[in-house]
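K.L.:
First the structure, then my questions, so here it is.
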Amino acid sequence: MIANRIKLTCLALVLILSGCSSPQSQWTQPPMAVPFQPTIQQQIQLARIDQLLKRDDLDNQTLAQVYYERGLLHDSLGLRDLARLDFNQSLSLKPDQPDVFNILGVYFTQGAHFDAAYEAFDSTLELNVRHPFAQRNRGIALYYGGRYELAFDDLNAHYQHNINDPYRVIWLYIVELEQDSETATEKLRNRYDAAIDHQDWGWQIVRLYLNDVSESEFLRQIATESEDNDVLAERLTEAYFYLGKRYHSNKDFSSALMLYKLTLSANVYEFVEHRFALLELNRLMTEVSLSQPVEPPAPPAQEEV
């Protein structure tokens, strides 16, 4: 009953949006989900791990695993400083953990420490060349670091492993917009057509970028097709982030600013889109400050004689 009520409320907001005439007014009443909250299971698991760490009969390998699991819990709750401490402690006990290097690389990217991020992802791939996310994450870090050719190489290789994954297509498109914006959309269309399976919801984001679906219809579908609040929160997190990227690339900074804030609103901490929304906000603020004209200093006042 509660989930249906939430869905109906969001649908009503989407209907309001569809009547708006400009992007600036469109985000005054956006569809929202109830933000994720710590679950009782997460809290119980965290308490159990804290109790476990008080024991003095655990070997280093077991301790490393326990710190890693607590780090993942802290990360899922948005406690990233605590998570980083746990991951570093885990690495000090067992240095050959590709998954730990991978998530630390993501943290370095979020903090715009790109050289450290590259090294972390390189370490991940040295330990596990088939790691499912490190090459993508390194490509994203290279993109944010402004190294677009290297970012394309990583993200294109990642895409080739699964051409039916819409998010691989999306990130490749985002990088190609920086390389050649005139051909990026044509290449996006070609990759969309090359995919055999379009069932994943993420393809709807690709359709949005291709202008095959309007923004109002895109949001309407999220509201009507999300089974519960969890799905709604996750899809809106993705939707607002990639809409923000679209407005950002079109230099509509005020709309992009609102959308990045909306990306953060549902507390879906583990999603890539939530992880990089703050980084995007910082980049946007820098762009805005650089785009403001610098007023020349006022001439010195003439002294009266």
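Residues in the structure tokens are numbered from 1 in each chain, the chains being A, B, ... in the order shown, and ligands are numbered from 1 in the order shown.
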Could you pull the residues within 9 Å of range 241-255 of chain A, counting only C-alpha atoms, minus those fewer than 5 positions along the same chain, as a count of residues only?
P.N.:
26
K.L.:
Counting only C-alpha atoms, which residues in range 198-238 of chain A sit no more than 8 Å from range 31-42 of chain A? For each one, give the nearest pair of atoms and the distance in Å, sorted by chain then residue number, as CSV.
P.N.:
residue,atom,partner,partner_atom,distance
A:Leu219,CA,A:Pro31,CA,7.8
A:Ala223,CA,A:Pro31,CA,7.8
A:Asn229,CA,A:Ala33,CA,6.2
A:Asp230,CA,A:Phe36,CA,7.6
A:Leu232,CA,A:Ala33,CA,6.1
A:Ala233,CA,A:Ala33,CA,5.1
A:Leu236,CA,A:Met32,CA,7.5
K.L.:
Store the residues picked out above, limited to N, CA, C and O atoms, as an mmCIF file, in the first residue's frame.
P.N.:
data_model
loop_
_atom_site.group_PDB
_atom_site.id
_atom_site.type_symbol
_atom_site.label_atom_id
_atom_site.label_comp_id
_atom_site.auth_asym_id
_atom_site.auth_seq_id
_atom_site.Cartn_x
_atom_site.Cartn_y
_atom_site.Cartn_z
ATOM 1 N N LEU A 219 10.784 10.150 -17.390
ATOM 2 C CA LEU A 219 10.481 10.180 -15.961
ATOM 3 C C LEU A 219 9.151 9.506 -15.654
ATOM 4 O O LEU A 219 8.997 8.857 -14.613
ATOM 5 N N ALA A 223 8.386 6.312 -12.953
ATOM 6 C CA ALA A 223 7.366 6.333 -11.904
ATOM 7 C C ALA A 223 6.376 5.182 -12.052
ATOM 8 O O ALA A 223 5.974 4.576 -11.058
ATOM 9 N N ASN A 229 9.791 1.284 -3.821
ATOM 10 C CA ASN A 229 10.583 2.486 -3.573
ATOM 11 C C ASN A 229 12.072 2.262 -3.831
ATOM 12 O O ASN A 229 12.773 3.174 -4.277
ATOM 13 N N ASP A 230 12.584 1.056 -3.552
ATOM 14 C CA ASP A 230 14.002 0.784 -3.783
ATOM 15 C C ASP A 230 14.347 0.939 -5.261
ATOM 16 O O ASP A 230 15.345 1.580 -5.629
ATOM 17 N N LEU A 232 12.605 2.560 -7.482
ATOM 18 C CA LEU A 232 12.386 3.966 -7.833
ATOM 19 C C LEU A 232 13.597 4.813 -7.477
ATOM 20 O O LEU A 232 14.073 5.629 -8.280
ATOM 21 N N ALA A 233 14.133 4.619 -6.265
ATOM 22 C CA ALA A 233 15.293 5.391 -5.823
ATOM 23 C C ALA A 233 16.500 5.121 -6.715
ATOM 24 O O ALA A 233 17.222 6.049 -7.094
ATOM 25 N N LEU A 236 15.922 6.669 -10.278
ATOM 26 C CA LEU A 236 16.002 8.124 -10.262
ATOM 27 C C LEU A 236 17.437 8.594 -10.046
ATOM 28 O O LEU A 236 17.847 9.626 -10.596
#
K.L.:
Name the residues in contact with range 46-60 of chain A at a cut-off of 8 Å, using only C-alpha atoms, excluding same-chain residues fewer than 5 positions from it; report them as a short mmCIF file (atom, residue, chain, number, x, y, z; two decimals) with C-alpha atoms, in the first residue's frame.
P.N.:
data_model
loop_
_atom_site.label_atom_id
_atom_site.label_comp_id
_atom_site.auth_asym_id
_atom_site.auth_seq_id
_atom_site.Cartn_x
_atom_site.Cartn_y
_atom_site.Cartn_z
CA VAL A 66 36.53 -8.88 8.47
CA ARG A 70 33.03 -3.83 7.62
CA LEU A 73 29.09 -1.98 5.23
CA LEU A 93 47.11 -7.28 6.84
CA LYS A 94 46.77 -8.79 3.36
#
K.L.:
By how many Å are CA of Ala266 in chain A and CA of His74 in chain A apart?
P.N.:
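Taking CA of Ala266 in chain A and CA of His74 in chain A, their separation equals 16.9 Å.
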K.L.:
With only C-alpha atoms as the counted atoms, please give the residues lying no more than 10 Å from Tyr107 in chain A, apart from itself and same-chain residues fewer than 3 positions off, as a list in words.
P.N.:
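The residues satisfying every condition are Arg80, Asp81, Ala83, Arg84, Phe101, Asn102, Ile103, Leu104, Gln110, Gly111, Ala112, His113, Phe114, Ala116, Ala117, Ala120, Arg275 and Phe276 of chain A.
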K.L.:
For a quick check of understanding, using only C-alpha atoms, which of A:Asp115, A:Glu238, A:Asp75, A:Glu126 has the smallest distance to Gly145 in chain A?
P.N.:
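The answer is A:Asp115, which sits nearest to Gly145 in chain A.
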K.L.:
Env of Tyr167 in chain A: 10 Å cut, atoms = only C-alpha atoms, seq-sep filter 6 positions within chain, self excluded. Answer as a list in words.
P.N.:
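Listed by chain and then number, they are Tyr159, Tyr173, Asp200, Gly202, Trp203, Ile205 and Val206 of chain A.
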K.L.:
Which residue gives the smallest distance to Ser92 in chain A among A:Ser181, A:Tyr68, A:Gly105, A:Leu77, with only C-alpha atoms counted?
P.N.:
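Ranked by minimum distance to Ser92 in chain A, first place goes to A:Tyr68.
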K.L.:
A:Ile140, A:Leu281, A:Leu150, A:Ala184: which is nearest Arg168 in chain A, counting only C-alpha atoms?
P.N.:
A:Ile140
K.L.:
I'd like the interatomic distance between CA of Ile44 in chain A and CA of Pro98 in chain A, to a tenth of an Å.
P.N.:
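According to the coordinates, CA of Ile44 in chain A and CA of Pro98 in chain A are separated by 27.3 Å.
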K.L.:
Under the rule that only C-alpha atoms are counted, which of A:Asn190, A:Asn156, A:Gln29, A:Gln204 is the nearest residue to Glu176 in chain A?
P.N.:
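Selected residue with least distance to Glu176 in chain A: A:Asn156.
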K.L.:
Tell me, which residues of range 33-173 of chain A carry DSSP alpha helix (DSSP H), written as a VMD selection string?
P.N.:
chain A and resid 40 to 52 60 to 76 80 to 93 98 to 110 114 to 127 134 to 144 148 to 160 166 to 173
K.L.:
Would you mind reading off the distance between CA of His161 in chain A and CA of Gly146 in chain A, one decimal, in Å?
P.N.:
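Taking CA of His161 in chain A and CA of Gly146 in chain A, their separation equals 24.1 Å.
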